[in-house]
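Visitor: File name query37.txt; file contents compact mmCIF, C-alpha atoms and all ligand atoms; full text below.
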```
# COMPACT_ATOMS: atom_id res chain seq x y z
CA MET A 1 -21.89 12.39 -2.63
CA SER A 2 -22.97 12.60 -6.23
CA SER A 3 -25.97 10.37 -6.82
CA THR A 4 -24.21 8.18 -9.38
CA ARG A 5 -21.27 7.32 -7.11
CA VAL A 6 -21.14 3.90 -5.46
CA TYR A 7 -19.33 2.73 -2.34
CA ASN A 8 -16.27 1.21 -3.97
CA PHE A 9 -14.50 -1.46 -1.89
CA ALA A 10 -11.94 -2.32 -4.60
CA ALA A 11 -8.50 -3.49 -3.47
CA GLY A 12 -6.67 -1.43 -6.08
CA PRO A 13 -6.88 0.65 -8.10
CA SER A 14 -9.30 1.92 -5.50
CA ALA A 15 -11.47 4.82 -4.50
CA LEU A 16 -10.02 8.33 -4.34
CA PRO A 17 -11.53 11.09 -2.17
CA LEU A 18 -14.43 12.71 -4.04
CA SER A 19 -13.15 16.23 -3.32
CA VAL A 20 -9.81 15.29 -4.90
CA LEU A 21 -11.52 14.06 -8.06
CA GLU A 22 -13.63 17.20 -8.19
CA ARG A 23 -10.60 19.42 -7.76
CA ALA A 24 -8.74 17.55 -10.51
CA GLY A 25 -11.84 17.86 -12.68
CA SER A 26 -12.02 21.60 -12.19
CA GLU A 27 -8.38 21.97 -13.24
CA ILE A 28 -8.33 19.40 -16.01
CA THR A 29 -8.30 21.70 -19.04
CA ASN A 30 -6.53 24.70 -17.53
CA TYR A 31 -4.24 24.15 -14.58
CA ARG A 32 -4.25 27.34 -12.51
CA GLY A 33 -3.98 29.78 -15.36
CA SER A 34 -1.35 27.86 -17.33
CA GLY A 35 -3.81 27.42 -20.20
CA MET A 36 -3.18 23.67 -20.33
CA SER A 37 -3.79 20.44 -18.49
CA VAL A 38 -1.13 18.90 -16.22
CA MET A 39 -1.36 15.98 -18.68
CA GLU A 40 -0.13 18.24 -21.48
CA MET A 41 2.85 19.89 -19.78
CA SER A 42 6.55 19.37 -20.22
CA HIS A 43 7.88 17.59 -17.17
CA ARG A 44 10.74 20.11 -17.22
CA SER A 45 8.48 23.18 -17.24
CA LYS A 46 8.53 25.48 -14.22
CA VAL A 47 4.85 24.87 -13.55
CA PHE A 48 5.30 21.10 -13.44
CA MET A 49 8.60 21.27 -11.54
CA ASP A 50 6.73 23.24 -8.86
CA ILE A 51 4.04 20.53 -8.66
CA PHE A 52 6.75 17.88 -8.39
CA GLN A 53 8.70 19.68 -5.67
CA GLU A 54 5.61 20.60 -3.64
CA THR A 55 4.35 17.03 -3.77
CA GLN A 56 7.69 15.70 -2.59
CA ASP A 57 7.82 18.31 0.20
CA LYS A 58 4.27 17.50 1.32
CA LEU A 59 5.02 13.79 1.52
CA ARG A 60 8.24 14.49 3.43
CA ARG A 61 6.34 16.68 5.90
CA LEU A 62 3.35 14.34 6.35
CA MET A 63 5.43 11.19 6.86
CA GLY A 64 8.20 12.96 8.74
CA VAL A 65 10.85 11.67 6.34
CA PRO A 66 14.16 12.52 8.03
CA GLU A 67 17.26 14.01 6.47
CA GLY A 68 19.46 11.44 4.81
CA TYR A 69 16.40 9.87 3.17
CA ARG A 70 15.36 10.45 -0.43
CA ILE A 71 11.88 10.26 -1.94
CA LEU A 72 11.66 8.84 -5.46
CA PHE A 73 8.67 8.94 -7.82
CA LEU A 74 9.15 5.94 -10.10
CA GLN A 75 7.22 3.61 -12.42
CA THR A 76 6.98 -0.18 -12.98
CA GLY A 77 4.66 -0.61 -10.00
CA ALA A 78 5.31 -2.12 -6.63
CA SER A 79 6.26 -5.29 -8.53
CA GLY A 80 9.17 -3.44 -10.12
CA GLN A 81 10.59 -3.06 -6.61
CA PHE A 82 10.56 -6.86 -6.19
CA SER A 83 13.55 -6.71 -8.58
CA ALA A 84 14.95 -3.28 -7.74
CA VAL A 85 15.39 -4.09 -4.04
CA PRO A 86 17.74 -7.08 -4.46
CA LEU A 87 19.48 -5.50 -7.48
CA ASN A 88 20.38 -2.45 -5.43
CA LEU A 89 20.87 -3.87 -1.94
CA ILE A 90 21.95 -7.50 -1.97
CA SER A 91 25.58 -6.94 -3.01
CA LYS A 92 26.63 -6.14 0.56
CA THR A 93 26.72 -9.81 1.65
CA GLY A 94 24.92 -11.59 -1.17
CA ARG A 95 22.26 -12.67 1.34
CA ALA A 96 18.86 -11.40 2.44
CA ASP A 97 16.00 -12.39 4.76
CA TYR A 98 12.42 -12.53 3.49
CA ALA A 99 9.31 -12.75 5.64
CA VAL A 100 6.70 -14.44 3.46
CA THR A 101 3.25 -13.56 4.81
CA GLY A 102 1.24 -13.44 1.63
CA ASN A 103 1.15 -13.31 -2.14
CA PHE A 104 3.25 -10.21 -2.75
CA SER A 105 6.06 -11.05 -0.32
CA ASP A 106 6.13 -14.53 -1.86
CA LEU A 107 6.55 -13.03 -5.34
CA ALA A 108 9.22 -10.63 -4.07
CA CYS A 109 11.07 -13.51 -2.45
CA LYS A 110 10.99 -15.62 -5.62
CA GLU A 111 12.34 -12.69 -7.62
CA ALA A 112 15.14 -12.04 -5.11
CA ARG A 113 16.33 -15.66 -5.42
CA LYS A 114 17.64 -14.74 -8.88
CA TYR A 115 20.16 -12.38 -7.32
CA GLY A 116 21.41 -13.90 -4.08
CA GLN A 117 21.00 -16.35 -1.26
CA ILE A 118 17.62 -15.89 0.37
CA SER A 119 16.57 -17.15 3.81
CA LEU A 120 12.96 -17.34 4.88
CA ALA A 121 12.46 -15.40 8.11
CA CYS A 122 8.99 -16.96 8.19
CA ASP A 123 6.42 -18.46 5.85
CA THR A 124 2.79 -18.27 6.90
CA GLY A 125 1.64 -20.39 3.95
CA ASP A 126 1.06 -23.28 6.37
CA ARG A 127 -2.28 -21.67 7.34
CA ASN A 128 -3.12 -19.89 4.09
CA HIS A 129 -1.50 -16.68 5.33
CA CYS A 130 -4.10 -15.98 8.00
CA TYR A 131 -1.59 -14.71 10.57
CA ILE A 132 1.53 -12.64 11.16
CA PRO A 133 4.30 -14.22 13.24
CA ARG A 134 5.46 -12.56 16.45
CA GLN A 135 8.99 -11.21 16.71
CA GLU A 136 10.14 -14.39 18.57
CA GLY A 137 8.99 -16.47 15.60
CA LEU A 138 11.24 -14.72 13.07
CA LYS A 139 14.40 -16.51 11.95
CA LEU A 140 17.05 -13.82 11.47
CA ASP A 141 20.34 -14.06 9.59
CA PRO A 142 22.72 -11.48 11.11
CA LYS A 143 24.67 -11.49 7.82
CA ALA A 144 21.64 -10.54 5.71
CA SER A 145 22.07 -7.42 3.55
CA TYR A 146 18.48 -6.52 4.40
CA PHE A 147 15.28 -7.90 5.92
CA TYR A 148 12.22 -7.74 3.65
CA TYR A 149 8.55 -7.77 4.65
CA CYS A 150 5.16 -6.60 3.43
CA ALA A 151 3.40 -4.47 6.07
CA ASN A 152 -0.15 -5.21 4.94
CA ASN A 153 -1.20 -8.30 3.01
CA THR A 154 -3.79 -6.93 0.63
CA ILE A 155 -5.11 -10.30 -0.52
CA TYR A 156 -5.25 -12.16 2.79
CA GLY A 157 -6.23 -9.22 5.01
CA THR A 158 -3.45 -9.44 7.57
CA GLU A 159 -1.18 -6.66 8.79
CA TRP A 160 1.94 -6.43 10.91
CA ASP A 161 1.11 -4.58 14.13
CA TYR A 162 4.78 -4.15 14.98
CA VAL A 163 8.01 -3.23 13.23
CA PRO A 164 10.36 -6.23 13.17
CA ARG A 165 13.55 -5.73 15.16
CA THR A 166 16.54 -6.81 13.07
CA GLY A 167 19.52 -5.17 14.76
CA ASP A 168 21.82 -3.59 12.18
CA VAL A 169 20.14 -5.29 9.23
CA PRO A 170 18.19 -2.62 7.28
CA LEU A 171 14.45 -3.09 6.95
CA VAL A 172 12.84 -3.05 3.52
CA CYS A 173 9.07 -2.73 3.58
CA ASP A 174 6.34 -2.97 0.95
CA MET A 175 3.70 -0.55 2.27
CA SER A 176 1.60 -0.48 -0.90
CA SER A 177 -1.71 -1.05 0.85
CA ASN A 178 -1.29 0.75 4.17
CA ILE A 179 0.99 3.72 3.52
CA LEU A 180 -0.55 7.02 4.68
CA SER A 181 -3.03 5.18 6.91
CA MET A 182 -1.09 5.87 10.12
CA PRO A 183 2.07 7.55 11.36
CA VAL A 184 5.29 5.57 10.76
CA ASP A 185 8.78 6.15 12.07
CA VAL A 186 10.64 6.28 8.76
CA SER A 187 14.03 6.27 10.53
CA GLN A 188 13.46 2.61 11.43
CA TYR A 189 13.58 1.64 7.74
CA GLY A 190 16.16 1.35 5.00
CA VAL A 191 13.61 1.33 2.18
CA ILE A 192 9.84 1.88 2.16
CA TYR A 193 7.99 1.57 -1.12
CA ALA A 194 4.41 1.60 -2.33
CA GLY A 195 2.50 1.28 -5.56
CA ALA A 196 0.33 4.40 -5.47
CA GLN A 197 -2.94 2.86 -6.64
CA LYS A 198 -4.14 1.63 -3.23
CA ASN A 199 -3.95 4.61 -0.94
CA MET A 200 -2.12 7.43 -2.71
CA ALA A 201 -3.00 8.20 -6.32
CA PRO A 202 -4.04 6.60 -9.63
CA ALA A 203 -2.06 3.61 -10.95
CA GLY A 204 1.24 4.39 -12.64
CA LEU A 205 3.32 5.83 -9.80
CA THR A 206 5.55 3.97 -7.37
CA VAL A 207 6.83 5.88 -4.36
CA VAL A 208 10.19 4.82 -2.90
CA ILE A 209 11.60 6.32 0.30
CA LEU A 210 15.14 5.23 0.95
CA ARG A 211 18.11 5.89 3.18
CA GLU A 212 20.53 7.46 0.78
CA ASP A 213 23.62 5.55 1.92
CA LEU A 214 21.97 2.29 0.79
CA ALA A 215 22.11 3.43 -2.84
CA GLY A 216 25.19 3.10 -5.02
CA HIS A 217 25.89 -0.59 -4.33
CA GLU A 218 23.85 -2.03 -7.20
CA LEU A 219 24.82 -5.20 -9.03
CA PRO A 220 26.66 -4.44 -12.30
CA HIS A 221 23.83 -5.63 -14.54
CA THR A 222 21.15 -3.54 -12.77
CA PRO A 223 18.90 -2.06 -15.46
CA LEU A 224 19.27 1.67 -15.81
CA MET A 225 15.68 2.38 -14.81
CA MET A 226 15.97 0.30 -11.65
CA ASN A 227 19.14 1.90 -10.36
CA TYR A 228 18.42 3.86 -7.17
CA ARG A 229 21.64 5.87 -7.55
CA THR A 230 20.69 7.06 -11.05
CA MET A 231 17.19 7.98 -9.92
CA ILE A 232 18.53 9.90 -6.90
CA ASP A 233 21.07 11.76 -9.06
CA LYS A 234 18.38 12.67 -11.59
CA ASP A 235 15.73 13.42 -8.92
CA SER A 236 13.42 10.76 -10.45
CA MET A 237 13.61 12.51 -13.83
CA TYR A 238 16.03 10.41 -15.79
CA ASN A 239 13.12 10.09 -18.17
CA THR A 240 9.54 11.34 -18.16
CA PRO A 241 8.02 10.68 -14.74
CA PRO A 242 4.31 9.81 -14.28
CA CYS A 243 3.37 13.50 -14.20
CA TRP A 244 -0.38 13.18 -13.83
CA CYS A 245 -0.12 10.67 -10.96
CA ILE A 246 2.36 12.90 -9.13
CA TYR A 247 -0.06 15.81 -9.43
CA MET A 248 -2.90 13.61 -8.14
CA LEU A 249 -0.74 12.47 -5.22
CA GLY A 250 -0.25 16.15 -4.35
CA LEU A 251 -4.03 16.63 -4.19
CA VAL A 252 -4.45 13.48 -2.08
CA LEU A 253 -1.75 14.69 0.33
CA ASP A 254 -3.56 18.03 0.70
CA TRP A 255 -6.71 16.07 1.52
CA VAL A 256 -4.86 13.94 4.10
CA GLU A 257 -3.48 17.09 5.72
CA GLU A 258 -6.91 18.74 5.81
CA ASN A 259 -8.30 15.62 7.50
CA GLY A 260 -5.91 15.49 10.42
CA GLY A 261 -2.74 14.15 8.80
CA LEU A 262 -1.60 10.60 9.47
CA SER A 263 -2.96 10.53 13.02
CA GLY A 264 -6.31 11.66 11.61
CA MET A 265 -6.10 8.83 9.04
CA LYS A 266 -5.31 6.37 11.84
CA LYS A 267 -8.40 7.41 13.82
CA LEU A 268 -10.63 6.98 10.78
CA ARG A 269 -9.00 3.67 9.91
CA ASP A 270 -9.57 2.32 13.42
CA LEU A 271 -13.17 3.51 13.35
CA ARG A 272 -13.93 1.89 9.98
CA SER A 273 -12.19 -1.41 10.59
CA GLY A 274 -13.40 -1.64 14.22
CA MET A 275 -17.00 -1.26 13.09
CA LEU A 276 -16.70 -3.81 10.33
CA TYR A 277 -14.89 -6.49 12.39
CA ASP A 278 -17.32 -5.97 15.24
CA THR A 279 -20.30 -6.38 12.95
CA LEU A 280 -18.90 -9.50 11.28
CA GLU A 281 -18.00 -11.11 14.61
CA ASN A 282 -21.58 -10.72 15.76
CA THR A 283 -23.18 -12.49 12.80
CA ARG A 284 -24.16 -16.14 12.55
CA ARG A 285 -23.19 -16.55 8.92
CA PHE A 286 -19.84 -14.85 8.43
CA GLN A 287 -16.34 -15.95 9.43
CA LEU A 288 -13.18 -13.89 9.27
CA HIS A 289 -10.10 -15.12 7.45
CA ALA A 290 -7.42 -13.47 9.61
CA ASP A 291 -6.52 -14.36 13.18
CA ARG A 292 -7.70 -11.69 15.61
CA ASP A 293 -4.23 -10.32 16.45
CA SER A 294 -3.21 -10.16 12.78
CA ARG A 295 -6.20 -8.41 11.24
CA SER A 296 -5.67 -5.72 8.66
CA GLY A 297 -7.08 -2.25 9.15
CA MET A 298 -7.30 -1.85 5.37
CA ASN A 299 -8.51 -5.13 3.81
CA VAL A 300 -11.18 -7.08 5.68
CA THR A 301 -11.47 -10.68 4.45
CA PHE A 302 -14.49 -12.81 5.32
CA ARG A 303 -16.68 -15.60 4.01
CA THR A 304 -19.76 -17.62 4.84
CA GLY A 305 -18.16 -20.98 4.08
CA ASP A 306 -20.81 -21.58 1.43
CA GLU A 307 -19.74 -20.42 -2.03
CA ALA A 308 -23.27 -20.00 -3.29
CA LEU A 309 -24.17 -17.83 -0.32
CA ASP A 310 -20.99 -15.76 -0.83
CA ALA A 311 -22.00 -15.17 -4.43
CA LYS A 312 -25.49 -14.15 -3.34
CA PHE A 313 -24.03 -11.71 -0.82
CA ILE A 314 -21.70 -10.14 -3.41
CA GLN A 315 -24.51 -9.79 -5.93
CA GLU A 316 -27.05 -8.32 -3.51
CA ALA A 317 -24.43 -5.97 -2.08
CA ALA A 318 -23.59 -4.68 -5.56
CA ALA A 319 -27.26 -4.10 -6.28
CA ALA A 320 -27.43 -2.06 -3.06
CA GLY A 321 -24.47 0.12 -4.12
CA PHE A 322 -21.57 -1.68 -2.37
CA VAL A 323 -19.29 -2.78 -5.20
CA ASN A 324 -16.10 -4.80 -5.62
CA LEU A 325 -16.60 -6.95 -2.53
CA LYS A 326 -15.58 -10.21 -4.18
CA GLY A 327 -12.53 -11.73 -2.50
CA HIS A 328 -9.33 -12.65 -4.32
CA ARG A 329 -9.37 -16.16 -5.78
CA LYS A 330 -6.68 -17.22 -3.29
CA THR A 331 -8.97 -16.63 -0.31
CA GLY A 332 -12.40 -16.87 -1.90
CA GLY A 333 -15.31 -15.24 -0.11
CA MET A 334 -15.36 -11.50 0.32
CA ARG A 335 -12.92 -8.67 0.85
CA ALA A 336 -13.82 -5.13 1.80
CA SER A 337 -10.92 -2.79 1.12
CA ILE A 338 -11.40 0.26 3.30
CA TYR A 339 -8.60 2.63 2.41
CA ASN A 340 -8.37 6.29 3.44
CA ALA A 341 -10.85 7.44 0.80
CA MET A 342 -13.68 5.19 2.04
CA PRO A 343 -16.11 7.41 3.94
CA VAL A 344 -17.03 6.17 7.43
CA GLU A 345 -20.64 6.39 6.27
CA GLY A 346 -19.90 3.80 3.56
CA VAL A 347 -18.77 1.30 6.19
CA GLU A 348 -21.72 2.12 8.48
CA LYS A 349 -24.10 1.36 5.65
CA LEU A 350 -22.23 -1.80 4.68
CA CYS A 351 -22.51 -2.98 8.31
CA GLU A 352 -26.27 -2.45 8.21
CA PHE A 353 -26.41 -4.43 4.99
CA ILE A 354 -24.36 -7.28 6.47
CA LYS A 355 -26.61 -7.47 9.53
CA SER A 356 -29.78 -7.62 7.49
CA PHE A 357 -28.30 -10.20 5.09
CA ASP A 358 -27.27 -12.29 8.08
CA LYS A 359 -30.81 -12.18 9.51
CA SER A 360 -32.56 -13.13 6.31
CA ASN A 361 -30.22 -15.95 5.24
C1 LIG A 401 -1.04 -4.25 -5.16
C2 LIG A 401 0.17 -4.64 -4.42
C3 LIG A 401 1.37 -4.95 -5.08
C4 LIG A 401 1.47 -4.96 -6.59
O1 LIG A 401 1.44 -3.65 -7.04
P1 LIG A 401 1.71 -3.29 -8.58
O2 LIG A 401 1.88 -1.80 -8.52
O3 LIG A 401 0.52 -3.72 -9.34
O4 LIG A 401 2.94 -3.98 -9.01
C5 LIG A 401 2.46 -5.27 -4.32
N1 LIG A 401 2.41 -5.30 -2.99
C6 LIG A 401 1.28 -5.02 -2.32
C7 LIG A 401 1.26 -5.08 -0.83
C8 LIG A 401 0.12 -4.68 -3.02
O5 LIG A 401 -1.01 -4.42 -2.35
```
Show how you would write the structure in this file as structure tokens.

Guide:
Amino acid sequence: MSSTRVYNFAAGPSALPLSVLERAGSEITNYRGSGMSVMEMSHRSKVFMDIFQETQDKLRRLMGVPEGYRILFLQTGASGQFSAVPLNLISKTGRADYAVTGNFSDLACKEARKYGQISLACDTGDRNHCYIPRQEGLKLDPKASYFYYCANNTIYGTEWDYVPRTGDVPLVCDMSSNILSMPVDVSQYGVIYAGAQKNMAPAGLTVVILREDLAGHELPHTPLMMNYRTMIDKDSMYNTPPCWCIYMLGLVLDWVEENGGLSGMKKLRDLRSGMLYDTLENTRRFQLHADRDSRSGMNVTFRTGDEALDAKFIQEAAAAGFVNLKGHRKTGGMRASIYNAMPVEGVEKLCEFIKSFDKSN
């Protein structure tokens, strides 16, 4: 690691693998003999079209995206999908189920209420979103057009450890903060989407994977840029796509493949989060926000219960090279986001730091 790099625990935009940044750096003024940067190319040029197609193919291969599913490279962030999902899918029955387990599913649910009749499958706000309900606890509407949930709650540090069973009702899942961290069975979903800036690429790209037959039923006033059918027909190039981010995603996917693919990512994820939870559980000073069976493998939320001590921890950690550990204002305390790009060594060292802080405070 270059001597000026820190261990960056930011929730998003977040760390990218160093080798990916170095590769991008080496190609930044002259992409493989083209004489120009990827940032300077026409999105319709052969050289960029190849990058686009290869990136899509790599993602399809890595995630095992089956036939009948399309991959879209869009903009407007994960939050754009809060609107796009109901606009495109709710017309079937005018109703949808939302599982509210944190900030982003709550925002998505509020947005969807503009377009149809929404039922809450659950709402974990009663205990500040520190848990994920079990299947038996979900209230399901068999007439829902879709069932919506957020797989990993970035702010609260909880994660679904199962895929909800909803019968014939298609699943829509916000995977912004845990996509590419483990294998998923895409065929169980109607729509998977993710803002790229957590675990895939720089900010500016939103990846949508959808079962093609779900498109084409949009509400009449659906904005052009949010229409899944249009974006499928134009292969995400109705207008200029986020070219640079798509290129960066391609480099990240190469890195994931070189490091054991999604099962390799899962092993590393379990190693990192296991170490950190284990360390925190064995301290006197720190408490975890999430219930044990609902803990996230990506965002570890903890606190001392004493705001001044939390602030001291965050400050001393930063001075020691562990940055962006301050928790979101909704949870307070600390949050360590340990996405794919966080080296295991970074977590090992953070654990040492936590233990010594715990001893001396
Ligand atoms: C960060 C995040 C969002 C918001 O993403 P934007 O791209 O900024 O709109 C939505 N959902 C989850 C789970 C997130 O982590």

Visitor: With distances taken over all atoms listed in the file, which residue among A:Asp270, A:Asp50, A:Asp358, A:Glu67 lies nearest A:Asp213?

Guide: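 Checking each candidate against A:Asp213, we get A:Glu67 as the closest.
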
Visitor: Quick one: residues within 12 Å of A:Pro13, all atoms listed in the file counted, chain neighbours fewer than 5 positions away excluded, as a list in words?

Guide: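 Counting all atoms listed in the file, the residues come to Asn8, Gly77, Thr154, Ser176, Ser177, Gly195, Ala196, Gln197, Lys198, Asn199, Met200, Ala201, Pro202, Ala203, Gly204, Leu205, Asn324, Ser337, Tyr339 and Ala341 of chain A.
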
Visitor: Write out as a PyMOL selection string each polymer residue whose atoms come within 8 Å of A:Trp160, counting all atoms listed in the file; drop sequence neighbours fewer than 2 positions from it.

Guide: chain A and resi 132+151-152+158+162-163+294+296

Visitor: For A:Tyr247, list every protein, DNA or RNA residue within 12 Å, evaluated using all atoms listed in the file, and leave out those in the same chain fewer than 5 positions away; present the list as a ChimeraX atom specification.

Guide: /A:20-21,23-24,27-28,31,37-39,41,43,47-56,58,73,200-202,204-205,241-242,252-254

Visitor: Measure the distance from atom CA of A:Phe104 to atom CA of A:Phe286 in Å and round it to one decimal.

Guide: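 Separation of atom CA of A:Phe104 and atom CA of A:Phe286: 26.1 Å.
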
Visitor: Distance atom CA of A:Thr301-atom CA of A:Ser19, one decimal place?

Guide: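 Straight-line distance from atom CA of A:Thr301 to atom CA of A:Ser19 works out to 28.1 Å.
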
Visitor: Would you compute the distance between atom CA of A:Lys143 and atom CA of A:Thr230? Give it in Å to one decimal.

Guide: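 Between atom CA of A:Lys143 and atom CA of A:Thr230 the gap works out to 26.8 Å.
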
Visitor: Smallest atom-to-atom distance to A:Tyr193: which of A:Met231, A:Val300, A:Met334, A:Leu74, using only C-alpha atoms?

Guide: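 When distances to A:Tyr193 are compared using only C-alpha atoms, the smallest one comes from A:Leu74.
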
Visitor: Could you list, as a list of chain:residue names, every residue within 12 Å of A:Asn282, counting all atoms listed in the file and ignoring same-chain residues fewer than 4 positions away?

Guide: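 Neighbouring residues, sequence-local ones excluded: A:Met275, A:Leu276, A:Tyr277, A:Asp278, A:Phe286, A:Gln287, A:Leu288, A:Cys351, A:Ile354, A:Lys355, A:Asp358, A:Lys359.
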
Visitor: Of the residues A:Asp233, A:Glu212, A:Asp97, A:Asp106, which is the one nearest to ligand LIG 401 (chain A), using all atoms listed in the file?

Guide: A:Asp106

Visitor: Counting all atoms listed in the file, figure out which residue out of A:Gln188, A:Asn128, A:Asn88, A:Asn103 gets nearest to ligand LIG 401 (chain A).

Guide: A:Asn103

Visitor: Of the candidates A:Leu138, A:Ile209, A:Ile179, A:Ile90, which shows the shortest atom-to-atom distance to ligand LIG 401 (chain A), using all atoms listed in the file?

Guide: A:Ile179

Visitor: Which residue, A:Val6, A:Ala15, A:Leu87, A:Cys109, has the smallest gap to A:Leu214 when you use only C-alpha atoms?

Guide: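 Ranking A:Val6, A:Ala15, A:Leu87, A:Cys109 by distance to A:Leu214, first place goes to A:Leu87.
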
Visitor: May I have the residues within 8 Å of stretch 304-315 of chain A as a compact mmCIF listing (two decimals) with C-alpha atoms, keeping the file's coordinate frame, using only C-alpha atoms and disregarding those fewer than 4 positions away in the same chain?

Guide:
```
# COMPACT_ATOMS: atom_id res chain seq x y z
CA ARG A 285 -23.19 -16.55 8.92
CA PHE A 286 -19.84 -14.85 8.43
CA GLN A 287 -16.34 -15.95 9.43
CA ALA A 319 -27.26 -4.10 -6.28
CA VAL A 323 -19.29 -2.78 -5.20
CA LEU A 325 -16.60 -6.95 -2.53
CA LYS A 326 -15.58 -10.21 -4.18
CA GLY A 333 -15.31 -15.24 -0.11
CA MET A 334 -15.36 -11.50 0.32
CA PHE A 357 -28.30 -10.20 5.09
```

Visitor: Using all atoms listed in the file and a cutoff of 10 Å, can you tell me which residues are near (19.3, -18.5, 4.7) in the file's coordinates, and write them out as a CSV table (one decimal) with C-alpha atoms, in the frame of the given file?

Guide:
```csv
chain,number,residue,atom,x,y,z
A,95,ARG,CA,22.3,-12.7,1.3
A,96,ALA,CA,18.9,-11.4,2.4
A,97,ASP,CA,16.0,-12.4,4.8
A,98,TYR,CA,12.4,-12.5,3.5
A,117,GLN,CA,21.0,-16.4,-1.3
A,118,ILE,CA,17.6,-15.9,0.4
A,119,SER,CA,16.6,-17.2,3.8
A,120,LEU,CA,13.0,-17.3,4.9
A,121,ALA,CA,12.5,-15.4,8.1
A,139,LYS,CA,14.4,-16.5,12.0
A,140,LEU,CA,17.0,-13.8,11.5
A,141,ASP,CA,20.3,-14.1,9.6
A,143,LYS,CA,24.7,-11.5,7.8
A,144,ALA,CA,21.6,-10.5,5.7
```

Visitor: For the point (21.8, -6.7, -0.2) in file coordinates, what residues are within 12 Å, counting only C-alpha atoms? Give the answer as a PyMOL selection string?

Guide: chain A and resi 83-98+112-113+115-118+143-148+169-172+190-191+214-219
